file my_file_21.txt (compact mmCIF, C-alpha atoms)
# COMPACT_ATOMS: atom_id res chain seq x y z
CA MET A 1 104.74 83.22 136.82
CA ALA A 2 107.20 84.27 134.14
CA GLU A 3 109.14 87.48 134.43
CA GLY A 4 110.05 89.89 131.68
CA ARG A 5 107.87 91.55 129.09
CA MET A 6 104.86 90.40 127.16
CA LEU A 7 103.53 92.09 124.05
CA LEU A 8 99.78 92.36 123.59
CA ALA A 9 98.52 93.58 120.23
CA ASP A 10 94.85 94.38 119.70
CA ALA A 11 93.12 97.34 118.12
CA ASP A 12 90.42 97.15 120.81
CA THR A 13 91.67 99.57 123.46
CA LYS A 14 89.12 98.53 126.05
CA LEU A 15 89.96 94.84 125.73
CA GLY A 16 93.65 95.66 125.96
CA GLU A 17 93.20 97.68 129.14
CA ARG A 18 91.00 95.05 130.79
CA THR A 19 93.42 92.25 129.91
CA ILE A 20 96.34 94.19 131.34
CA GLU A 21 94.35 94.80 134.54
CA ALA A 22 93.52 91.11 134.81
CA LEU A 23 97.15 90.13 134.32
CA ARG A 24 98.32 92.69 136.87
CA ALA A 25 96.12 91.11 139.50
CA GLU A 26 98.93 88.61 139.96
CA ALA A 27 102.65 89.15 139.69
CA GLY A 28 103.38 88.59 136.04
CA PRO A 29 105.26 89.98 133.13
CA GLU A 30 105.15 93.64 132.25
CA VAL A 31 102.57 93.99 129.49
CA VAL A 32 103.28 96.28 126.55
CA TRP A 33 100.11 96.98 124.62
CA CYS A 34 100.26 97.77 120.89
CA ASP A 35 97.25 99.02 118.98
CA SER A 36 98.47 97.97 115.53
CA GLY A 37 100.56 95.38 113.75
CA THR A 38 103.17 97.94 112.76
CA LYS A 39 103.48 99.14 116.35
CA LEU A 40 103.95 95.55 117.48
CA VAL A 41 106.73 94.94 114.94
CA SER A 42 108.37 98.23 115.83
CA VAL A 43 108.38 97.49 119.57
CA TYR A 44 109.48 93.92 118.95
CA ALA A 45 112.36 95.07 116.72
CA ARG A 46 113.55 97.50 119.39
CA LEU A 47 113.46 94.85 122.13
CA ALA A 48 115.09 92.21 119.93
CA LYS A 49 117.89 94.54 118.91
CA ALA A 50 118.50 95.32 122.58
CA ARG A 51 118.66 91.55 123.20
CA LYS A 52 115.68 91.82 125.53
CA PRO A 53 112.96 89.95 123.62
CA PRO A 54 109.53 89.48 125.24
CA VAL A 55 108.64 86.18 126.86
CA LEU A 56 105.41 86.00 124.87
CA SER A 57 103.55 87.84 122.13
CA VAL A 58 99.76 87.79 122.12
CA LEU A 59 98.05 89.08 119.01
CA GLU A 60 94.68 89.41 117.46
CA VAL A 61 94.81 88.20 113.87
CA GLY A 62 92.67 91.05 112.54
CA LEU A 63 95.07 93.88 113.24
CA GLY A 64 95.77 96.76 110.91
CA PRO A 65 97.37 98.09 108.83
CA LEU A 66 99.71 95.11 109.16
CA ASP A 67 97.57 92.14 110.15
CA GLY A 68 98.48 89.62 112.84
CA ARG A 69 99.83 87.05 110.43
CA ALA A 70 102.12 89.48 108.64
CA ALA A 71 103.25 90.92 111.96
CA ALA A 72 104.08 87.44 113.22
CA GLN A 73 106.03 86.68 110.05
CA ALA A 74 107.92 89.93 110.49
CA MET A 75 108.76 88.92 114.06
CA ARG A 76 110.15 85.61 112.84
CA ALA A 77 112.20 87.42 110.19
CA ILE A 78 113.63 89.73 112.86
CA GLU A 79 114.58 86.72 114.97
CA LYS A 80 116.27 84.97 112.05
CA GLY A 81 118.02 88.15 110.98
CA LEU A 82 119.38 88.69 114.47
CA GLY A 83 120.05 85.00 115.09
CA GLN A 84 117.68 84.79 118.05
CA PRO A 85 115.33 81.95 119.08
CA PRO A 86 111.61 82.31 118.24
CA VAL A 87 109.41 83.91 120.88
CA PRO A 88 106.14 82.04 121.59
CA ILE A 89 103.09 83.58 119.94
CA LEU A 90 99.47 83.28 121.04
CA PHE A 91 97.00 84.14 118.30
CA TYR A 92 93.40 84.77 119.08
CA THR A 93 90.49 85.10 116.70
CA THR A 94 86.74 84.96 116.83
CA ALA A 95 86.72 82.29 114.13
CA PRO A 96 87.78 78.69 114.84
CA ALA A 97 91.12 77.57 113.50
CA ASP A 98 90.80 76.00 110.08
CA ASP A 99 93.36 73.91 108.20
CA GLU A 100 94.83 76.99 106.61
CA LEU A 101 95.43 78.69 109.96
CA ARG A 102 96.78 75.50 111.51
CA GLY A 103 99.20 75.17 108.60
CA PHE A 104 100.29 78.76 109.05
CA LEU A 105 100.89 78.25 112.78
CA SER A 106 102.86 75.11 112.05
CA ARG A 107 105.12 76.93 109.59
CA LEU A 108 105.53 79.81 112.00
CA GLY A 109 106.64 77.53 114.84
CA ARG A 110 106.07 78.06 118.59
CA ALA A 111 102.60 79.47 117.96
CA VAL A 112 99.21 78.52 119.36
CA HIS A 113 95.67 79.63 118.65
CA LEU A 114 92.91 80.68 121.00
CA GLN A 115 89.36 81.19 119.85
CA LYS A 116 87.56 84.00 121.61
CA ALA A 117 83.80 84.01 122.00
CA ALA A 118 82.40 86.91 120.04
CA ASP A 119 79.33 87.33 122.25
CA LEU A 120 81.14 87.75 125.55
CA PRO A 121 81.37 91.15 127.24
CA THR A 122 84.82 92.75 127.13
CA GLU A 123 85.49 92.23 130.85
CA GLU A 124 84.77 88.52 130.65
CA LEU A 125 86.78 88.19 127.46
CA ALA A 126 89.74 89.93 129.08
CA LYS A 127 89.59 87.60 132.09
CA ARG A 128 89.59 84.52 129.89
CA LEU A 129 92.42 85.86 127.81
CA ALA A 130 94.42 86.58 130.96
CA ILE A 131 93.82 83.03 132.22
CA ALA A 132 94.99 81.58 128.92
CA VAL A 133 98.10 83.75 128.99
CA LYS A 134 98.92 82.72 132.56
CA ARG A 135 98.53 79.04 131.73
CA LEU A 136 100.71 79.39 128.67
CA LEU A 137 103.38 81.28 130.57
CA ALA A 138 103.34 78.66 133.34
CA LYS A 139 103.73 75.95 130.75
CA LEU A 140 106.56 77.80 129.05
CA GLY A 141 108.22 78.47 132.38
CA GLY A 142 108.11 74.81 133.28
CA ALA A 143 109.31 73.62 129.91
CA MET B 1 93.28 123.41 82.74
CA ALA B 2 93.10 119.62 82.44
CA THR B 3 96.12 118.16 80.75
CA THR B 4 97.94 114.89 80.43
CA ARG B 5 101.57 113.93 80.50
CA TYR B 6 103.58 110.73 80.26
CA CYS B 7 104.24 109.19 83.68
CA PRO B 8 107.19 106.79 83.82
CA GLY B 9 105.74 105.19 86.93
CA CYS B 10 102.42 104.32 85.35
CA GLY B 11 103.96 103.81 81.93
CA GLN B 12 101.34 105.80 80.06
CA ASP B 13 99.88 109.26 79.56
CA VAL B 14 98.05 110.28 82.71
CA PRO B 15 96.05 113.27 83.95
CA VAL B 16 98.28 115.58 85.94
CA GLU B 17 97.62 117.95 88.81
CA GLN B 18 99.48 121.09 89.73
CA ALA B 19 100.23 122.30 93.23
CA LEU B 20 101.94 125.40 94.47
CA GLU B 21 105.03 124.67 96.54
CA GLY B 22 106.41 127.98 97.70
CA ASP B 23 107.27 129.90 94.54
CA TYR B 24 107.19 126.81 92.37
CA ILE B 25 104.60 124.74 90.59
CA LEU B 26 104.90 121.01 91.04
CA THR B 27 103.22 118.93 88.38
CA ALA B 28 102.39 115.40 89.54
CA CYS B 29 100.67 112.30 88.23
CA THR B 30 97.15 112.08 89.65
CA LEU B 31 97.36 108.29 89.75
CA CYS B 32 100.60 107.50 91.54
CA GLY B 33 101.64 110.96 92.71
CA LEU B 34 105.02 110.87 90.95
CA GLY B 35 106.45 114.35 90.45
CA LEU B 36 106.65 115.06 86.73
CA GLY B 37 107.94 118.60 86.63
CA LEU B 38 108.87 121.66 88.60
CA LYS B 39 108.92 125.24 87.40
CA VAL B 40 108.91 128.73 88.78
CA ALA B 41 105.36 130.02 89.19
CA SER B 42 104.43 133.33 87.65
CA ALA B 43 102.38 135.76 89.71
CA GLU B 44 99.33 134.90 87.65
CA GLU B 45 99.86 131.17 88.17
CA GLN B 46 100.30 131.70 91.90
CA ARG B 47 96.98 133.52 92.05
CA ARG B 48 95.28 130.84 89.98
CA LEU B 49 96.56 127.96 92.12
CA LYS B 50 95.71 129.81 95.33
CA GLY B 51 92.18 130.25 94.02
CA LEU B 52 92.43 134.04 93.97
CA SER B 53 90.55 136.02 91.39
CA THR B 54 91.69 139.49 92.30
CA PRO B 55 93.61 141.43 89.68
CA PRO B 56 97.35 141.77 90.08
CA PRO B 57 98.48 144.58 92.35
CA ALA B 58 100.60 147.51 91.33
CA ILE B 59 103.69 146.80 89.30
CA MET B 60 107.04 147.79 90.61
CA SER B 61 109.27 149.56 88.15
CA THR B 62 112.25 147.69 86.84
CA THR B 63 114.64 150.30 88.22
CA ALA B 64 113.12 150.15 91.68
CA LEU B 65 113.16 146.37 91.57
CA GLN B 66 116.83 146.25 90.68
CA GLN B 67 117.67 148.60 93.53
CA ALA B 68 115.51 146.73 95.98
CA ILE B 69 116.68 143.19 95.45
CA ALA B 70 120.10 143.27 93.91
CA PRO B 71 122.11 146.25 95.01
CA GLY B 72 125.44 146.05 93.28
CA GLY B 73 124.50 142.71 91.77
CA PRO B 74 124.58 141.65 88.16
CA ALA B 75 122.45 143.60 85.74
CA LEU B 76 119.03 142.18 85.00
CA ALA B 77 118.34 141.26 81.45
CA ARG B 78 114.60 141.12 81.86
CA VAL B 79 112.26 141.73 84.75
CA GLY B 80 108.80 140.33 85.16
CA VAL B 81 105.75 141.41 87.10
CA VAL B 82 106.38 141.47 90.82
CA ARG B 83 103.72 141.79 93.48
CA ARG B 84 104.53 144.33 96.15
CA GLU B 85 103.11 142.31 99.02
CA MET B 86 105.12 139.15 98.32
CA ALA B 87 107.05 138.17 101.42
CA VAL B 88 109.49 136.00 99.52
CA PRO B 89 112.12 137.21 97.08
CA PRO B 90 110.50 138.01 93.76
CA ILE B 91 110.99 135.75 90.79
CA VAL B 92 112.84 137.26 87.91
CA GLU B 93 114.78 136.00 84.99
CA ARG B 94 118.31 136.94 84.31
CA THR B 95 121.21 135.95 82.15
CA ALA B 96 123.92 136.08 84.77
CA PRO B 97 125.25 132.83 86.29
CA PRO B 98 123.40 131.40 89.29
CA PRO B 99 124.34 132.70 92.74
CA GLU B 100 127.02 130.76 94.49
CA ARG B 101 126.09 128.56 97.39
CA PRO B 102 127.61 129.65 100.73
CA ALA B 103 130.70 127.60 101.48
CA SER B 104 130.49 125.26 104.43
CA ALA B 105 133.42 124.87 106.79
CA SER B 106 133.01 121.15 107.31
CA THR B 107 131.28 119.73 104.27
CA PRO B 108 131.65 120.60 100.61
CA PRO B 109 128.52 121.84 98.89
CA PRO B 110 126.58 119.12 97.05
CA ALA B 111 126.63 119.05 93.29
CA ILE B 112 123.92 121.10 91.64
CA THR B 113 121.24 118.79 90.38
CA GLN B 114 119.55 119.02 87.04
CA THR B 115 116.46 120.48 88.67
CA GLN B 116 118.50 122.94 90.66
CA ALA B 117 120.47 123.88 87.59
CA MET B 118 117.17 124.55 85.84
CA ILE B 119 115.86 126.70 88.67
CA ALA B 120 119.02 128.48 89.71
CA PRO B 121 119.28 130.83 86.70
CA LEU B 122 115.74 131.98 87.40
CA LEU B 123 116.45 133.13 90.91
CA ILE B 124 118.02 136.19 92.40
CA THR B 125 118.61 136.26 96.11
CA PRO B 126 119.47 139.24 98.26
CA PRO B 127 122.96 138.83 99.72
CA SER B 128 121.63 138.30 103.26
CA ALA B 129 118.94 135.77 102.35
CA PRO B 130 119.50 132.00 102.24
CA ALA B 131 120.68 130.67 98.93
CA PRO B 132 117.75 129.49 96.79
CA ILE B 133 119.27 126.06 96.29
CA GLU B 134 118.72 125.40 100.00
CA SER B 135 115.00 125.63 99.54
CA VAL B 136 114.71 123.18 96.67
CA GLU B 137 114.61 120.23 99.07
CA THR B 138 111.49 121.63 100.68
CA LEU B 139 109.62 122.10 97.47
CA THR B 140 108.53 118.54 97.07
CA PRO B 141 108.33 116.85 100.44
CA GLY B 142 108.79 113.13 100.08
CA ASP B 143 109.31 113.47 96.38
CA SER B 144 112.95 114.22 95.87
CA ILE B 145 113.71 115.48 92.45
CA GLU B 146 117.31 115.02 91.64
CA ALA B 147 119.43 113.49 88.96
CA ASP B 148 122.93 113.83 90.15
CA SER B 149 126.19 113.13 88.36
CA GLY B 150 128.21 114.71 85.66
CA ASP B 151 126.78 112.66 82.84
CA GLY B 152 123.15 113.38 83.67
CA GLY B 153 122.48 109.96 85.17
CA VAL B 154 121.75 108.79 88.68
CA ARG B 155 124.68 108.28 91.04
CA ALA B 156 125.41 104.60 91.67
CA MET B 157 123.88 103.27 94.86
CA ARG B 158 125.94 101.03 97.07
CA ARG B 159 123.38 98.31 97.69
CA VAL B 160 120.00 97.67 96.13
CA VAL B 161 117.68 94.82 97.10
CA VAL B 162 115.24 93.50 94.51
CA VAL B 163 112.36 91.42 95.87
CA GLU B 164 110.39 89.75 93.09
CA ASP B 165 108.93 86.27 92.84
CA SER B 166 109.42 86.12 89.06
CA THR B 167 112.93 84.86 88.50
CA PHE B 168 113.06 86.41 85.03
CA LEU B 169 112.04 89.89 86.12
CA ARG B 170 114.26 89.69 89.17
CA GLU B 171 117.30 88.89 87.07
CA VAL B 172 116.42 91.44 84.41
CA THR B 173 116.09 94.17 87.03
CA ARG B 174 119.32 93.16 88.69
CA ASP B 175 121.21 93.16 85.37
CA LEU B 176 119.67 96.48 84.40
CA LEU B 177 120.67 98.19 87.64
CA LEU B 178 124.23 96.93 87.26
CA GLU B 179 124.47 97.57 83.53
CA LYS B 180 123.30 101.16 83.87
CA LYS B 181 125.62 101.60 86.83
CA LEU B 182 122.72 102.51 89.10
CA ALA B 183 123.94 100.12 91.76
CA ARG B 184 127.27 98.63 92.76
CA GLU B 185 125.69 95.63 94.45
CA VAL B 186 122.28 94.10 93.81
CA VAL B 187 120.79 91.43 96.07
CA ASP B 188 117.80 89.66 94.56
CA LEU B 189 115.37 87.80 96.79
CA PRO B 190 112.24 85.78 95.98
CA ASP B 191 109.78 86.79 98.72
CA GLY B 192 108.93 89.22 101.49
CA ASN B 193 109.92 86.95 104.37
CA THR B 194 113.42 86.38 103.03
CA PHE B 195 113.72 90.08 102.33
CA LEU B 196 112.84 91.12 105.88
CA GLU B 197 115.31 88.63 107.26
CA ASP B 198 118.03 90.03 104.99
CA PHE B 199 117.02 93.58 105.82
CA VAL B 200 117.30 93.00 109.57
CA ARG B 201 120.64 91.25 109.17
CA SER B 202 122.12 94.00 107.01
CA ALA B 203 120.63 96.80 109.14
CA ALA B 204 122.03 95.25 112.33
CA ALA B 205 125.42 95.06 110.62
CA GLY B 206 125.19 98.73 109.67
CA HIS B 207 124.82 98.41 105.91
CA LYS B 208 121.15 98.54 105.09
CA PRO B 209 120.26 98.97 101.42
CA ASP B 210 120.06 102.34 99.65
CA LEU B 211 116.96 101.22 97.78
CA VAL B 212 114.44 98.37 97.97
CA VAL B 213 112.57 97.31 94.84
CA LEU B 214 109.47 95.39 95.92
CA ASP B 215 107.00 93.41 93.87
CA VAL B 216 103.47 93.99 95.17
CA ARG B 217 102.04 90.54 94.60
CA MET B 218 104.13 87.75 96.05
CA PRO B 219 103.30 84.49 97.80
CA GLY B 220 103.53 84.60 101.58
CA MET B 221 104.17 88.11 102.74
CA ASP B 222 103.32 90.46 99.87
CA GLY B 223 105.06 93.69 98.95
CA ARG B 224 102.68 95.94 100.91
CA GLU B 225 103.11 93.93 104.09
CA ALA B 226 106.87 93.67 103.65
CA ALA B 227 107.13 97.43 103.18
CA LEU B 228 105.00 98.21 106.25
CA ALA B 229 107.02 95.75 108.30
CA MET B 230 110.26 97.27 107.00
CA ARG B 231 109.14 100.75 108.08
CA ALA B 232 108.23 99.36 111.52
CA ILE B 233 111.64 97.71 111.83
CA GLU B 234 113.34 100.94 110.79
CA ALA B 235 111.40 102.76 113.50
CA GLY B 236 112.32 100.12 116.07
CA PHE B 237 115.99 100.18 115.11
CA GLY B 238 116.03 103.99 114.90
CA LEU B 239 117.05 104.01 111.23
CA LYS B 240 116.33 106.46 108.43
CA ARG B 241 113.72 105.40 105.92
CA THR B 242 114.97 103.44 102.94
CA PRO B 243 113.46 104.49 99.59
CA ILE B 244 111.05 101.92 98.16
CA LEU B 245 110.21 101.30 94.52
CA PHE B 246 107.16 99.09 94.05
CA PHE B 247 106.66 96.90 91.00
CA SER B 248 103.03 96.30 90.20
CA GLY B 249 101.10 94.80 87.33
CA VAL B 250 98.15 97.13 87.78
CA LEU B 251 97.59 100.85 87.68
CA CYS B 252 98.01 102.74 90.91
CA ASP B 253 94.61 103.16 92.62
CA GLU B 254 93.63 105.44 95.52
CA PRO B 255 94.35 102.94 98.33
CA PHE B 256 97.78 102.25 96.87
CA LYS B 257 98.44 105.95 96.44
CA ALA B 258 97.60 106.40 100.13
CA LEU B 259 99.98 103.56 100.97
CA LEU B 260 102.76 105.29 99.02
CA ALA B 261 102.14 108.45 101.01
CA GLU B 262 102.24 106.52 104.30
CA LEU B 263 105.43 104.70 103.33
CA LYS B 264 107.17 107.84 102.12
CA ASN B 265 109.73 107.80 100.56
CA ALA B 266 108.10 105.33 98.16
CA LYS B 267 107.28 105.29 94.48
CA TYR B 268 105.55 102.95 92.09
CA ILE B 269 106.27 101.57 88.66
CA ARG B 270 103.91 99.54 86.54
CA LYS B 271 105.46 96.49 84.96
CA ALA B 272 105.56 96.51 81.18
CA GLU B 273 102.72 94.32 80.02
CA GLY B 274 104.49 93.01 76.98
CA GLY B 275 107.72 92.30 78.83
CA ASP B 276 109.50 95.14 77.01
CA VAL B 277 112.69 95.16 79.01
CA LYS B 278 114.17 98.25 77.32
CA GLU B 279 111.06 100.32 77.99
CA LEU B 280 110.89 99.09 81.57
CA GLY B 281 114.54 99.95 82.06
CA GLU B 282 114.04 103.49 80.85
CA ARG B 283 111.11 103.97 83.19
CA ILE B 284 113.01 102.54 86.14
CA VAL B 285 115.78 105.07 85.56
CA ALA B 286 113.25 107.90 85.21
CA VAL B 287 111.49 107.00 88.45
CA LEU B 288 114.75 106.44 90.31
CA GLU B 289 115.82 109.95 89.43
CA ARG B 290 112.83 111.18 91.41
CA LEU B 291 113.02 108.65 94.18
CA VAL B 292 116.57 108.41 95.42
CA GLY B 293 117.74 111.97 95.16
CA ASP B 294 118.20 112.32 98.91
CA ARG B 295 120.17 109.17 99.54
CA PRO B 296 123.67 109.41 100.93
CA ALA B 297 126.51 109.75 98.45
call {"tool": "encode", "arguments": {"input": "my_file_21.txt", "output": "structure tokens"}}
result
Amino acid sequence: MAEGRMLLADADTKLGERTIEALRAEAGPEVVWCDSGTKLVSVYARLAKARKPPVLSVLEVGLGPLDGRAAAQAMRAIEKGLGQPPVPILFYTTAPADDELRGFLSRLGRAVHLQKAADLPTEELAKRLAIAVKRLLAKLGGA
Amino acid sequence: MATTRYCPGCGQDVPVEQALEGDYILTACTLCGLGLGLKVASAEEQRRLKGLSTPPPAIMSTTALQQAIAPGGPALARVGVVRREMAVPPIVERTAPPPERPASASTPPPAITQTQAMIAPLLITPPSAPAPIESVETLTPGDSIEADSGDGGVRAMRRVVVVEDSTFLREVTRDLLLEKKLAREVVDLPDGNTFLEDFVRSAAAGHKPDLVVLDVRMPGMDGREAALAMRAIEAGFGLKRTPILFFSGVLCDEPFKALLAELKNAKYIRKAEGGDVKELGERIVAVLERLVGDRPA
């Protein structure tokens, strides 16, 4: 399991808490939860400036007031401005990825998409999200 | 009383609203919130804006007033109505020069702005009270009203960033800022992503811009998103807020007005529909006078 910090951005407090609990069940990265896109960018900027970027950023596309896409673009701008490598991003949405989203992810670089089932209870959703995060971190750690 | 006034931000006559800020009346555009005027409020105007309908209280005699507020001070040319229960120094008019600002041991006093120069002759302060100029900053939170410099213009900013996807408007704005000596350096960028990258780079190097001019509608990251992200980066880096001037092709609506308030210090200017560069330039200068008054020298 990867060490370091992971940013999790979702306006749904309950989902955020459950996901953090699920990730804490095993030794993993410290999870910093952000309830908005602006909070995510702010935290990311602080970590990047301190040269301690997170190992992964997980964000819901439908954030506010800065949505997930804009927040991700801001993260990439911070990295370029500071001359740092891009941090992997995991996007999740209730809608399937269309060509437009795939194109966006491709331009963003080091970004993947996860579709979440809208009809699942929060606890189940959090477990699945935690599993996806662990798999991604394991893959990144082995890369 | 409903009235209209020309707003340089919106570029047209607009309904205005008045609000009481201490002893002053701030007149502002109801559309974009730009401050359009500041004046000393009379007792009657204070009652009206506070929603009071009670008649004015007893009137203090001019002799008693002089003794009470300016012992040994300059003679009053004319004294207005003063309410006894007012906790703040009463507002009077006089012909003597404005009171001097207390000298600071470490920093020289800032130049008196046009607004301050307008207000200062109307104020008399007891010797022990703070100088009235000190309170001007608090009159219009987030809406600095200042036009500093000896020639009545705005002091030149060190670095201004113009983010606009129209090459023509970007270059016109850049030339205008330089021609009118509003900025010493202008960096023009075509989109929000490039801007944020430049902002982070310059902020990390310790020379972030004094002003950011942002087009609202741009491909990729638009002006709203870029501004919100910039504020988040400033918070993350622990930096002071950079003033923002938005360029927009449409009139300021309620959601945008709320965004301006959230992004404070931020103002808005509507692009000239007919591409009238001279008119746009005049409005940019007028709005800048209200926007960047609190920037560093």
call {"tool": "closest_residue", "arguments": {"input": "my_file_21.txt", "among": "A:Leu40, A:Ala70, A:Ala95, A:Leu82", "to": "Pro219 of chain B", "atoms": "all atoms listed in the file"}}
result
A:Ala70
call {"tool": "atom_distance", "arguments": {"input": "my_file_21.txt", "atom1": "atom CA of Val162 of chain B", "atom2": "atom CA of Ala183 of chain B"}}
result
11.3 Å
call {"tool": "closest_residue", "arguments": {"input": "my_file_21.txt", "among": "A:Pro121, A:Pro96, A:Gly62, A:Gly81", "to": "Thr194 of chain B", "atoms": "all atoms listed in the file"}}
result
A:Gly81
call {"tool": "interface_residues", "arguments": {"input": "my_file_21.txt", "of": "chain A", "to": "chain B", "cutoff": "8 Å", "atoms": "all atoms listed in the file", "output": "MDAnalysis selection string"}}
result
chainID A and resid 38:39 41:46 49 66 70:71 73:74 77:82
call {"tool": "write_last_selection", "arguments": {"input": "my_file_21.txt", "atoms": "C-alpha atoms", "output": "tab-separated table (two decimals), keeping the file's coordinate frame"}}
result
chain	number	residue	atom	x	y	z
A	38	THR	CA	103.17	97.94	112.76
A	39	LYS	CA	103.48	99.14	116.35
A	41	VAL	CA	106.73	94.94	114.94
A	42	SER	CA	108.37	98.23	115.83
A	43	VAL	CA	108.38	97.49	119.57
A	44	TYR	CA	109.48	93.92	118.95
A	45	ALA	CA	112.36	95.07	116.72
A	46	ARG	CA	113.55	97.50	119.39
A	49	LYS	CA	117.89	94.54	118.91
A	66	LEU	CA	99.71	95.11	109.16
A	70	ALA	CA	102.12	89.48	108.64
A	71	ALA	CA	103.25	90.92	111.96
A	73	GLN	CA	106.03	86.68	110.05
A	74	ALA	CA	107.92	89.93	110.49
A	77	ALA	CA	112.20	87.42	110.19
A	78	ILE	CA	113.63	89.73	112.86
A	79	GLU	CA	114.58	86.72	114.97
A	80	LYS	CA	116.27	84.97	112.05
A	81	GLY	CA	118.02	88.15	110.98
A	82	LEU	CA	119.38	88.69	114.47
call {"tool": "residues_near_point", "arguments": {"input": "my_file_21.txt", "point": "(94.0, 85.7, 129.2)", "cutoff": "10 Å", "atoms": "all atoms listed in the file", "output": "ChimeraX atom specification"}}
result
/A:18-20,22-23,58,114,124-136
call {"tool": "residues_around", "arguments": {"input": "my_file_21.txt", "residues": "segment 250-254 of chain B", "least_positions_apart": "2", "cutoff": "6 Å", "atoms": "only C-alpha atoms", "output": "short mmCIF file (atom, residue, chain, number, x, y, z; two decimals) with C-alpha atoms, in the coordinates of the input"}}
result
data_model
loop_
_atom_site.label_atom_id
_atom_site.label_comp_id
_atom_site.auth_asym_id
_atom_site.auth_seq_id
_atom_site.Cartn_x
_atom_site.Cartn_y
_atom_site.Cartn_z
CA LEU B 31 97.36 108.29 89.75
CA CYS B 32 100.60 107.50 91.54
CA SER B 248 103.03 96.30 90.20
CA PHE B 256 97.78 102.25 96.87
CA LYS B 257 98.44 105.95 96.44
#
